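In what follows, a structure is listed as structure tokens, so that the remarks can point back to it.
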Amino acid sequence: AIQHRLWPEIEKTVQIQVSMAKMGIGECGSGWQLFAEDGEMKMYRREEEVDGMVVDPLKAVHIVKGITGHEVCHHFFNPQYRYDWETTLEHMTVLETISEDTLVFLQTHKRIWPASQRDGLFWSHIRKLPNEKDRDGPDIWTVVNNSTDHPDYPPNNGKCVRVFLTVCLLCQTTVDPPKEGTSLTRDNLSCKITYCSVVNPGGWAPASVLRAVYKREYPKFLKRFTAYVKNQTKNKPIMF
Ligand SMILES: O=S(=O)(CCO)c1ccc(-c2ccc(C3CCCC3)c([C@@H]3C[C@@H]3c3ccccn3)c2)cc1
């Protein structure tokens with residue numbers, strides 16, 4: 001197949017993001033502070049600023065029963081579900097379908113007072129990865145989103161300030177085998193979800209406001225998104 005212009009960047013970014021997502025919090029370099037915890041969900045952040053702007057990297061680990069990594073990534077990647085779970089979204093369009101596993105999105109997020117409204121333009125790639133720990137086990141699934149350019153939508157030429165983001169959702173499914181002679185059900189499934197994100201707000205916004213927004217929005221987002229996937233899949237055949 002002919003190579004798309006973004007292919008080399010996608011390949012490299014996916015490798016870097018997946019290896020970072022696989023690292024434990026301890027290995028990931030120091031400075032991670034736990035800032036939210038809710039049951040199996042643990043959210044860490046590092047306080048970082050670039051040109052005086054808050055770009056705090058975020059790393060969340062969550063364990064959800066009853067769903068697979070494929071189901072989580074499928075509902076995160078596909079545009080048709082996004083308005084159901086992404087509450088800060090004002091508008092979303094798919095600018096380009098590079099392939100069935102790679103899309104280019106343009107999204108505007110609801111304005112967060114007193115900051116000006118933001119938009120994001122990024123490629124999104126979904127991929128199945130071999131399970132190196134257990135060759136017979138379920139595959140690992142990932143979605144990587146990374147800011148990119150588009151000739152028709154230059155940054156900051158309308159009402160929105162363009163954010164720059166890199167996001168990695170990495171999902172590892174575990175199957176606890178059912179008792180002899182009983183069939184596999186969703187009760188035998190659990191999924192370890194690692195969500196890493198770095199969002200550069202693209203233009204000045206008060207650090208205190210941004211950190212308050214991050215503290216409020218990220219836990220809400222991951223809880224709402226995983227509850228959405230459980231609800232969407234509960235009466236459907238398991239998608240490995
Ligand atoms: O995982 S994704 O790829 C899912 C696709 O939508 C993604 C997640 C988050 C963002 C995002 C974009 C802008 C902003 C801010 C920056 C200054 C003012 C708006 C935020 C702030 C952190 C808060 C936030 C956190 C979680 C969800 C939404 N909002 C987040 C974009 C994409």
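As shown in the structure tokens, the chain order sets the letters A, B, ...; within each chain, residues go from 1, and ligands are also counted from 1 in the order they appear.
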Output as CSV one row per residue of chain A within 6 Å of ligand 1: the closest atom pair and its distance in Å to one decimal place, counting only C-alpha atoms and all ligand atoms, sorted by chain and residue number ascending.
residue,atom,partner,partner_atom_place_in_ligand_line,distance
A:Thr88,CA,ligand 1,28 (C),5.2
A:Ile112,CA,ligand 1,18 (C),5.9
A:Arg118,CA,ligand 1,19 (C),5.6
A:Asn145,CA,ligand 1,3 (O),5.6
A:Val167,CA,ligand 1,3 (O),5.7
A:Pro201,CA,ligand 1,16 (C),4.5
A:Val213,CA,ligand 1,23 (C),5.7
A:Tyr214,CA,ligand 1,22 (C),4.5
A:Glu217,CA,ligand 1,25 (C),4.4
A:Tyr218,CA,ligand 1,26 (C),4.3
A:Phe221,CA,ligand 1,27 (C),5.4
Please, could you write that set of residues out with all heavy atoms as an mmCIF file, in the first residue's frame?
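Final file, selection_9.cif:
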data_model
loop_
_atom_site.group_PDB
_atom_site.id
_atom_site.type_symbol
_atom_site.label_atom_id
_atom_site.label_comp_id
_atom_site.auth_asym_id
_atom_site.auth_seq_id
_atom_site.Cartn_x
_atom_site.Cartn_y
_atom_site.Cartn_z
ATOM 1 N N THR A 88 -16.800 17.807 27.285
ATOM 2 C CA THR A 88 -16.277 19.168 27.084
ATOM 3 C C THR A 88 -16.245 19.507 25.592
ATOM 4 O O THR A 88 -15.769 20.552 25.203
ATOM 5 C CB THR A 88 -14.830 19.303 27.619
ATOM 6 O OG1 THR A 88 -13.980 18.525 26.769
ATOM 7 C CG2 THR A 88 -14.723 18.834 29.038
ATOM 8 N N ILE A 112 -13.722 27.477 28.733
ATOM 9 C CA ILE A 112 -13.582 27.410 30.192
ATOM 10 C C ILE A 112 -13.175 28.802 30.666
ATOM 11 O O ILE A 112 -12.067 29.253 30.409
ATOM 12 C CB ILE A 112 -12.518 26.356 30.576
ATOM 13 C CG1 ILE A 112 -13.020 24.960 30.167
ATOM 14 C CG2 ILE A 112 -12.230 26.395 32.075
ATOM 15 C CD1 ILE A 112 -11.999 23.869 30.274
ATOM 16 N N ARG A 118 -10.852 26.811 23.127
ATOM 17 C CA ARG A 118 -9.771 26.029 22.504
ATOM 18 C C ARG A 118 -10.296 25.116 21.419
ATOM 19 O O ARG A 118 -11.441 24.638 21.476
ATOM 20 C CB ARG A 118 -9.093 25.169 23.570
ATOM 21 C CG ARG A 118 -7.750 25.671 24.053
ATOM 22 C CD ARG A 118 -7.837 26.977 24.798
ATOM 23 N NE ARG A 118 -6.488 27.431 25.179
ATOM 24 C CZ ARG A 118 -6.258 28.530 25.878
ATOM 25 N NH1 ARG A 118 -7.269 29.264 26.298
ATOM 26 N NH2 ARG A 118 -5.029 28.896 26.180
ATOM 27 N N ASN A 145 -3.435 9.701 20.058
ATOM 28 C CA ASN A 145 -3.879 10.952 19.417
ATOM 29 C C ASN A 145 -2.726 11.943 19.501
ATOM 30 O O ASN A 145 -2.130 12.109 20.581
ATOM 31 C CB ASN A 145 -5.092 11.550 20.141
ATOM 32 C CG ASN A 145 -6.329 10.673 20.034
ATOM 33 O OD1 ASN A 145 -6.369 9.754 19.221
ATOM 34 N ND2 ASN A 145 -7.322 10.941 20.866
ATOM 35 N N VAL A 167 -1.866 12.079 23.327
ATOM 36 C CA VAL A 167 -2.661 11.236 24.217
ATOM 37 C C VAL A 167 -2.417 9.782 23.842
ATOM 38 O O VAL A 167 -2.293 9.456 22.664
ATOM 39 C CB VAL A 167 -4.169 11.572 24.054
ATOM 40 C CG1 VAL A 167 -5.050 10.513 24.675
ATOM 41 C CG2 VAL A 167 -4.478 12.949 24.620
ATOM 42 N N PRO A 201 -1.924 24.161 26.398
ATOM 43 C CA PRO A 201 -3.115 24.970 26.115
ATOM 44 C C PRO A 201 -2.960 25.923 24.937
ATOM 45 O O PRO A 201 -3.934 26.508 24.483
ATOM 46 C CB PRO A 201 -3.360 25.738 27.410
ATOM 47 C CG PRO A 201 -2.109 25.638 28.195
ATOM 48 C CD PRO A 201 -1.354 24.452 27.722
ATOM 49 N N VAL A 213 -9.094 23.005 36.388
ATOM 50 C CA VAL A 213 -9.836 22.334 35.310
ATOM 51 C C VAL A 213 -9.351 20.905 35.147
ATOM 52 O O VAL A 213 -10.134 19.965 35.087
ATOM 53 C CB VAL A 213 -9.649 23.111 33.971
ATOM 54 C CG1 VAL A 213 -10.148 22.302 32.798
ATOM 55 C CG2 VAL A 213 -10.364 24.439 34.039
ATOM 56 N N TYR A 214 -8.015 20.727 35.126
ATOM 57 C CA TYR A 214 -7.457 19.378 34.974
ATOM 58 C C TYR A 214 -7.933 18.498 36.122
ATOM 59 O O TYR A 214 -8.369 17.364 35.921
ATOM 60 C CB TYR A 214 -5.927 19.434 34.945
ATOM 61 C CG TYR A 214 -5.336 20.000 33.672
ATOM 62 C CD1 TYR A 214 -6.134 20.623 32.718
ATOM 63 C CD2 TYR A 214 -3.966 19.926 33.408
ATOM 64 C CE1 TYR A 214 -5.587 21.137 31.555
ATOM 65 C CE2 TYR A 214 -3.424 20.448 32.246
ATOM 66 C CZ TYR A 214 -4.248 21.045 31.323
ATOM 67 O OH TYR A 214 -3.715 21.562 30.158
ATOM 68 N N GLU A 217 -11.744 17.857 35.472
ATOM 69 C CA GLU A 217 -12.179 17.228 34.217
ATOM 70 C C GLU A 217 -11.610 15.844 33.963
ATOM 71 O O GLU A 217 -12.299 14.985 33.426
ATOM 72 C CB GLU A 217 -11.827 18.136 33.030
ATOM 73 C CG GLU A 217 -12.648 19.416 32.949
ATOM 74 C CD GLU A 217 -14.127 19.152 32.743
ATOM 75 O OE1 GLU A 217 -14.480 18.081 32.202
ATOM 76 O OE2 GLU A 217 -14.921 20.015 33.149
ATOM 77 N N TYR A 218 -10.343 15.611 34.331
ATOM 78 C CA TYR A 218 -9.765 14.306 33.962
ATOM 79 C C TYR A 218 -10.410 13.140 34.708
ATOM 80 O O TYR A 218 -10.826 12.162 34.092
ATOM 81 C CB TYR A 218 -8.247 14.314 34.117
ATOM 82 C CG TYR A 218 -7.538 14.869 32.909
ATOM 83 C CD1 TYR A 218 -6.812 16.046 32.961
ATOM 84 C CD2 TYR A 218 -7.652 14.220 31.677
ATOM 85 C CE1 TYR A 218 -6.200 16.552 31.829
ATOM 86 C CE2 TYR A 218 -7.028 14.722 30.544
ATOM 87 C CZ TYR A 218 -6.307 15.893 30.627
ATOM 88 O OH TYR A 218 -5.709 16.393 29.505
ATOM 89 N N PHE A 221 -13.792 12.592 33.246
ATOM 90 C CA PHE A 221 -13.713 12.063 31.873
ATOM 91 C C PHE A 221 -13.477 10.554 31.893
ATOM 92 O O PHE A 221 -14.203 9.781 31.262
ATOM 93 C CB PHE A 221 -12.592 12.810 31.144
ATOM 94 C CG PHE A 221 -11.879 12.032 30.076
ATOM 95 C CD1 PHE A 221 -12.498 11.727 28.887
ATOM 96 C CD2 PHE A 221 -10.577 11.598 30.281
ATOM 97 C CE1 PHE A 221 -11.839 11.001 27.902
ATOM 98 C CE2 PHE A 221 -9.910 10.889 29.304
ATOM 99 C CZ PHE A 221 -10.540 10.587 28.111
#
Practice task
Identify, with DSSP run on backbone atoms, the residues in range 14-210 of chain A assigned to strand (DSSP E or B), and express the list as a PyMOL selection string.
Solution key: chain A and resi 33-38+41-45+49-50+53-54+58-65+89-99+102-109+118-129+140-147+161-162+164-175+189-200
Problem - Residue among A:Val229, A:Val161, A:Ala115, A:Met239 lying closest to Tyr81 in chain A, counting only C-alpha atoms - result: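 Looking only at the distances to Tyr81 in chain A, the closest residue turns out to be A:Val229.
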Practice task
List every residue of range 72-233 of chain A that DSSP, applied to the backbone of this structure, assigns to alpha helix (DSSP H), and report them as a PyMOL selection string.
Solution key: chain A and resi 72-77+82-85+207-233
When you look at Thr185 in chain A with a cut-off of 12 Å (counting only C-alpha atoms), what residues show up, excluding the ones that are within fewer than 2 positions of it in the same chain? I need them as a PDB file with N, CA, C and O atoms, in the first residue's frame.
ATOM      1  N   LYS A  65     -13.831  -3.964  35.276  1.00  0.00           N
ATOM      2  CA  LYS A  65     -14.261  -5.356  35.045  1.00  0.00           C
ATOM      3  C   LYS A  65     -15.328  -5.403  33.950  1.00  0.00           C
ATOM      4  O   LYS A  65     -16.058  -4.428  33.743  1.00  0.00           O
ATOM      5  N   GLY A  66     -15.355  -6.528  33.206  1.00  0.00           N
ATOM      6  CA  GLY A  66     -16.479  -6.775  32.299  1.00  0.00           C
ATOM      7  C   GLY A  66     -16.319  -6.265  30.881  1.00  0.00           C
ATOM      8  O   GLY A  66     -17.243  -6.395  30.070  1.00  0.00           O
ATOM      9  N   ILE A  67     -15.153  -5.662  30.565  1.00  0.00           N
ATOM     10  CA  ILE A  67     -14.941  -5.175  29.188  1.00  0.00           C
ATOM     11  C   ILE A  67     -13.525  -5.551  28.737  1.00  0.00           C
ATOM     12  O   ILE A  67     -12.667  -5.857  29.560  1.00  0.00           O
ATOM     13  N   THR A  68     -13.297  -5.487  27.407  1.00  0.00           N
ATOM     14  CA  THR A  68     -11.970  -5.809  26.865  1.00  0.00           C
ATOM     15  C   THR A  68     -11.280  -4.545  26.351  1.00  0.00           C
ATOM     16  O   THR A  68     -11.948  -3.521  26.096  1.00  0.00           O
ATOM     17  N   VAL A 175      -8.232 -12.367  31.243  1.00  0.00           N
ATOM     18  CA  VAL A 175      -9.361 -13.311  31.303  1.00  0.00           C
ATOM     19  C   VAL A 175      -9.094 -14.284  32.454  1.00  0.00           C
ATOM     20  O   VAL A 175      -8.058 -14.949  32.473  1.00  0.00           O
ATOM     21  N   ASP A 176     -10.010 -14.298  33.463  1.00  0.00           N
ATOM     22  CA  ASP A 176      -9.911 -15.332  34.503  1.00  0.00           C
ATOM     23  C   ASP A 176     -10.732 -16.511  33.999  1.00  0.00           C
ATOM     24  O   ASP A 176     -11.965 -16.391  33.894  1.00  0.00           O
ATOM     25  N   PRO A 177     -10.081 -17.629  33.668  1.00  0.00           N
ATOM     26  CA  PRO A 177     -10.832 -18.721  33.019  1.00  0.00           C
ATOM     27  C   PRO A 177     -12.037 -19.162  33.867  1.00  0.00           C
ATOM     28  O   PRO A 177     -11.932 -19.234  35.090  1.00  0.00           O
ATOM     29  N   PRO A 178     -13.182 -19.392  33.195  1.00  0.00           N
ATOM     30  CA  PRO A 178     -14.389 -19.832  33.936  1.00  0.00           C
ATOM     31  C   PRO A 178     -14.193 -21.271  34.429  1.00  0.00           C
ATOM     32  O   PRO A 178     -13.314 -21.972  33.955  1.00  0.00           O
ATOM     33  N   LYS A 179     -15.010 -21.667  35.373  1.00  0.00           N
ATOM     34  CA  LYS A 179     -14.903 -23.044  35.927  1.00  0.00           C
ATOM     35  C   LYS A 179     -15.085 -24.042  34.788  1.00  0.00           C
ATOM     36  O   LYS A 179     -15.766 -23.777  33.785  1.00  0.00           O
ATOM     37  N   THR A 182     -18.056 -24.375  32.189  1.00  0.00           N
ATOM     38  CA  THR A 182     -18.946 -23.195  32.089  1.00  0.00           C
ATOM     39  C   THR A 182     -18.361 -22.277  31.012  1.00  0.00           C
ATOM     40  O   THR A 182     -17.133 -22.241  30.824  1.00  0.00           O
ATOM     41  N   SER A 183     -19.251 -21.544  30.326  1.00  0.00           N
ATOM     42  CA  SER A 183     -18.756 -20.709  29.210  1.00  0.00           C
ATOM     43  C   SER A 183     -18.263 -19.357  29.749  1.00  0.00           C
ATOM     44  O   SER A 183     -18.671 -18.910  30.821  1.00  0.00           O
ATOM     45  N   ASP A 187     -18.123 -11.602  33.326  1.00  0.00           N
ATOM     46  CA  ASP A 187     -17.616 -11.657  34.712  1.00  0.00           C
ATOM     47  C   ASP A 187     -16.189 -12.187  34.760  1.00  0.00           C
ATOM     48  O   ASP A 187     -15.492 -11.998  35.757  1.00  0.00           O
ATOM     49  N   ASN A 188     -15.741 -12.833  33.676  1.00  0.00           N
ATOM     50  CA  ASN A 188     -14.378 -13.382  33.667  1.00  0.00           C
ATOM     51  C   ASN A 188     -13.366 -12.374  33.102  1.00  0.00           C
ATOM     52  O   ASN A 188     -12.190 -12.695  32.951  1.00  0.00           O
ATOM     53  N   LEU A 189     -13.863 -11.170  32.736  1.00  0.00           N
ATOM     54  CA  LEU A 189     -12.988 -10.197  32.061  1.00  0.00           C
ATOM     55  C   LEU A 189     -12.600  -9.052  32.989  1.00  0.00           C
ATOM     56  O   LEU A 189     -13.414  -8.604  33.799  1.00  0.00           O
ATOM     57  N   SER A 190     -11.367  -8.585  32.830  1.00  0.00           N
ATOM     58  CA  SER A 190     -11.054  -7.260  33.397  1.00  0.00           C
ATOM     59  C   SER A 190     -10.031  -6.597  32.475  1.00  0.00           C
ATOM     60  O   SER A 190      -9.323  -7.272  31.724  1.00  0.00           O
ATOM     61  N   LYS A 234     -22.590  -4.202  27.695  1.00  0.00           N
ATOM     62  CA  LYS A 234     -23.013  -5.206  28.693  1.00  0.00           C
ATOM     63  C   LYS A 234     -23.876  -6.320  28.093  1.00  0.00           C
ATOM     64  O   LYS A 234     -23.782  -7.468  28.480  1.00  0.00           O
ATOM     65  N   ASN A 235     -24.729  -5.993  27.100  1.00  0.00           N
ATOM     66  CA  ASN A 235     -25.580  -7.076  26.552  1.00  0.00           C
ATOM     67  C   ASN A 235     -25.119  -7.502  25.163  1.00  0.00           C
ATOM     68  O   ASN A 235     -25.911  -8.039  24.385  1.00  0.00           O
ATOM     69  N   LYS A 236     -23.860  -7.207  24.827  1.00  0.00           N
ATOM     70  CA  LYS A 236     -23.373  -7.551  23.490  1.00  0.00           C
ATOM     71  C   LYS A 236     -22.304  -8.631  23.596  1.00  0.00           C
ATOM     72  O   LYS A 236     -21.691  -8.790  24.652  1.00  0.00           O
ATOM     73  N   PRO A 237     -22.109  -9.386  22.478  1.00  0.00           N
ATOM     74  CA  PRO A 237     -21.038 -10.391  22.482  1.00  0.00           C
ATOM     75  C   PRO A 237     -19.688  -9.722  22.781  1.00  0.00           C
ATOM     76  O   PRO A 237     -19.479  -8.575  22.414  1.00  0.00           O
ATOM     77  N   ILE A 238     -18.789 -10.466  23.423  1.00  0.00           N
ATOM     78  CA  ILE A 238     -17.481  -9.916  23.821  1.00  0.00           C
ATOM     79  C   ILE A 238     -16.640  -9.683  22.568  1.00  0.00           C
ATOM     80  O   ILE A 238     -16.549 -10.548  21.699  1.00  0.00           O
ATOM     81  N   MET A 239     -16.034  -8.485  22.475  1.00  0.00           N
ATOM     82  CA  MET A 239     -15.170  -8.138  21.319  1.00  0.00           C
ATOM     83  C   MET A 239     -13.714  -8.228  21.815  1.00  0.00           C
ATOM     84  O   MET A 239     -13.250  -7.375  22.548  1.00  0.00           O
TER      85      MET A 239
END
Practice task
Could you give me, as JSON, numbers by chain, the residues within 10 Å of range 29-39 of chain A, counting only C-alpha atoms and dropping anything in the same chain fewer than 2 positions from it?
Solution key: {"A": [23, 24, 25, 26, 27, 41, 42, 43, 44, 45, 46, 47, 48, 57, 58, 59, 60, 61, 62, 63, 215, 216, 218, 219, 223]}
Using only C-alpha atoms, what table do you get, as a Markdown table, when you list each residue of range 93-183 of chain A with an atom no more than 12 Å from range 5-19 of chain A, its nearest pair of atoms, and their distance in Å rounded to one decimal, rows by chain then rising number?
| residue | atom | partner | partner_atom | distance |
| --- | --- | --- | --- | --- |
| A:Glu96 | CA | A:Leu6 | CA | 11.8 |
| A:Ile98 | CA | A:Leu6 | CA | 8.9 |
| A:Ser99 | CA | A:Trp7 | CA | 10.6 |
| A:Asp101 | CA | A:Ile10 | CA | 11.3 |
| A:Thr102 | CA | A:Ile10 | CA | 9.2 |
| A:Leu103 | CA | A:Leu6 | CA | 10.9 |
| A:Val104 | CA | A:Leu6 | CA | 10.4 |
| A:Phe122 | CA | A:Ile10 | CA | 11.2 |
| A:Trp123 | CA | A:Ile10 | CA | 8.4 |
| A:Ser124 | CA | A:Ile10 | CA | 8.9 |
| A:His125 | CA | A:Ile10 | CA | 7.6 |
| A:Ile126 | CA | A:Val14 | CA | 9.5 |
| A:Arg127 | CA | A:Val14 | CA | 8.9 |
| A:Lys128 | CA | A:Val14 | CA | 11.3 |
| A:Leu129 | CA | A:Val18 | CA | 9.6 |
| A:Ile140 | CA | A:Val18 | CA | 10.2 |
| A:Trp141 | CA | A:Val18 | CA | 9.9 |
| A:Thr142 | CA | A:Val18 | CA | 7.7 |
| A:Val143 | CA | A:Val14 | CA | 8.5 |
| A:Val144 | CA | A:Val14 | CA | 6.3 |
| A:Asn145 | CA | A:Val14 | CA | 9.0 |
| A:Asn146 | CA | A:Thr13 | CA | 8.1 |
| A:Ser147 | CA | A:Ile10 | CA | 10.8 |
| A:Thr148 | CA | A:Leu6 | CA | 9.1 |
| A:Asp149 | CA | A:Leu6 | CA | 10.4 |
| A:His150 | CA | A:Leu6 | CA | 11.5 |
| A:Thr166 | CA | A:Gln17 | CA | 8.6 |
| A:Val167 | CA | A:Gln17 | CA | 8.1 |
| A:Cys168 | CA | A:Gln17 | CA | 6.2 |
| A:Leu169 | CA | A:Val18 | CA | 8.5 |
| A:Leu170 | CA | A:Val18 | CA | 7.0 |
| A:Cys171 | CA | A:Val18 | CA | 10.2 |
| A:Gln172 | CA | A:Val18 | CA | 11.7 |
What would the file look like if the residues just selected were written as a PDB file, in the first residue's frame with C-alpha atoms?
ATOM      1  CA  GLU A  96      -9.467  13.103   6.836  1.00  0.00           C
ATOM      2  CA  ILE A  98      -6.236   8.262   6.213  1.00  0.00           C
ATOM      3  CA  SER A  99      -7.134   4.583   6.634  1.00  0.00           C
ATOM      4  CA  ASP A 101      -7.377   2.786  11.667  1.00  0.00           C
ATOM      5  CA  THR A 102      -6.198   6.397  11.219  1.00  0.00           C
ATOM      6  CA  LEU A 103      -8.370   9.551  11.238  1.00  0.00           C
ATOM      7  CA  VAL A 104      -7.675  13.295  11.471  1.00  0.00           C
ATOM      8  CA  PHE A 122      -4.950  15.775  15.707  1.00  0.00           C
ATOM      9  CA  TRP A 123      -4.429  12.440  14.028  1.00  0.00           C
ATOM     10  CA  SER A 124      -5.839   9.417  15.854  1.00  0.00           C
ATOM     11  CA  HIS A 125      -4.562   5.868  15.310  1.00  0.00           C
ATOM     12  CA  ILE A 126      -5.902   2.602  16.733  1.00  0.00           C
ATOM     13  CA  ARG A 127      -3.699  -0.487  16.855  1.00  0.00           C
ATOM     14  CA  LYS A 128      -3.600  -4.037  18.237  1.00  0.00           C
ATOM     15  CA  LEU A 129      -0.245  -5.031  19.768  1.00  0.00           C
ATOM     16  CA  ILE A 140      -3.035  -5.252  23.883  1.00  0.00           C
ATOM     17  CA  TRP A 141      -5.007  -2.423  22.214  1.00  0.00           C
ATOM     18  CA  THR A 142      -4.009   1.227  21.989  1.00  0.00           C
ATOM     19  CA  VAL A 143      -5.245   4.533  20.587  1.00  0.00           C
ATOM     20  CA  VAL A 144      -2.745   7.386  20.138  1.00  0.00           C
ATOM     21  CA  ASN A 145      -3.879  10.952  19.417  1.00  0.00           C
ATOM     22  CA  ASN A 146      -1.270  13.529  18.381  1.00  0.00           C
ATOM     23  CA  SER A 147      -1.633  17.119  17.216  1.00  0.00           C
ATOM     24  CA  THR A 148      -0.947  17.749  13.542  1.00  0.00           C
ATOM     25  CA  ASP A 149      -1.423  20.441  10.909  1.00  0.00           C
ATOM     26  CA  HIS A 150      -3.993  20.709   8.150  1.00  0.00           C
ATOM     27  CA  THR A 166      -0.410  13.913  22.758  1.00  0.00           C
ATOM     28  CA  VAL A 167      -2.661  11.236  24.217  1.00  0.00           C
ATOM     29  CA  CYS A 168      -2.158   7.495  24.601  1.00  0.00           C
ATOM     30  CA  LEU A 169      -4.832   5.039  25.740  1.00  0.00           C
ATOM     31  CA  LEU A 170      -3.291   1.596  26.358  1.00  0.00           C
ATOM     32  CA  CYS A 171      -5.497  -1.354  27.319  1.00  0.00           C
ATOM     33  CA  GLN A 172      -4.500  -4.829  28.548  1.00  0.00           C
TER      34      GLN A 172
END
Practice task
Choose the residue, out of A:Leu106, A:Val199, A:Val72, A:Leu184, that has the smallest atom-to-atom separation from Asn231 in chain A; count only C-alpha atoms.
Solution key: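 When distances to Asn231 in chain A are compared using only C-alpha atoms, the smallest one comes from A:Val72.
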Handout entry: A:Val50, A:Thr97, A:His75, A:Lys22 ranked by distance to Val198 in chain A, top pick (using only C-alpha atoms)
Key = A:Val50
Problem - Shortest interatomic distance to Asp139 in chain A - which of A:Lys230, A:His4, A:Arg186, A:His70, counting only C-alpha atoms - result: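 Between A:Lys230, A:His4, A:Arg186, A:His70, the residue approaching Asp139 in chain A most closely is A:His70.
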Problem - Interatomic distance, CA of Arg162 in chain A to CA of Phe105 in chain A (Å, one decimal) - result: 12.8 Å
Practice task
Could you check which of A:Glu180, A:Glu40, A:Arg211, A:Tyr228 is closest to Trp85 in chain A, using only C-alpha atoms?
Solution key: A:Tyr228
Handout entry: Atom pair CA of Lys159 in chain A / CA of Ala205 in chain A: separation (Å)
Key = 15.3 Å
Problem - Counting only C-alpha atoms, the option among A:Leu165, A:Met53, A:Val64, A:Leu89 closest to Arg111 in chain A - result: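 Of A:Leu165, A:Met53, A:Val64, A:Leu89, the one nearest Arg111 in chain A, counting only C-alpha atoms, is A:Leu89.
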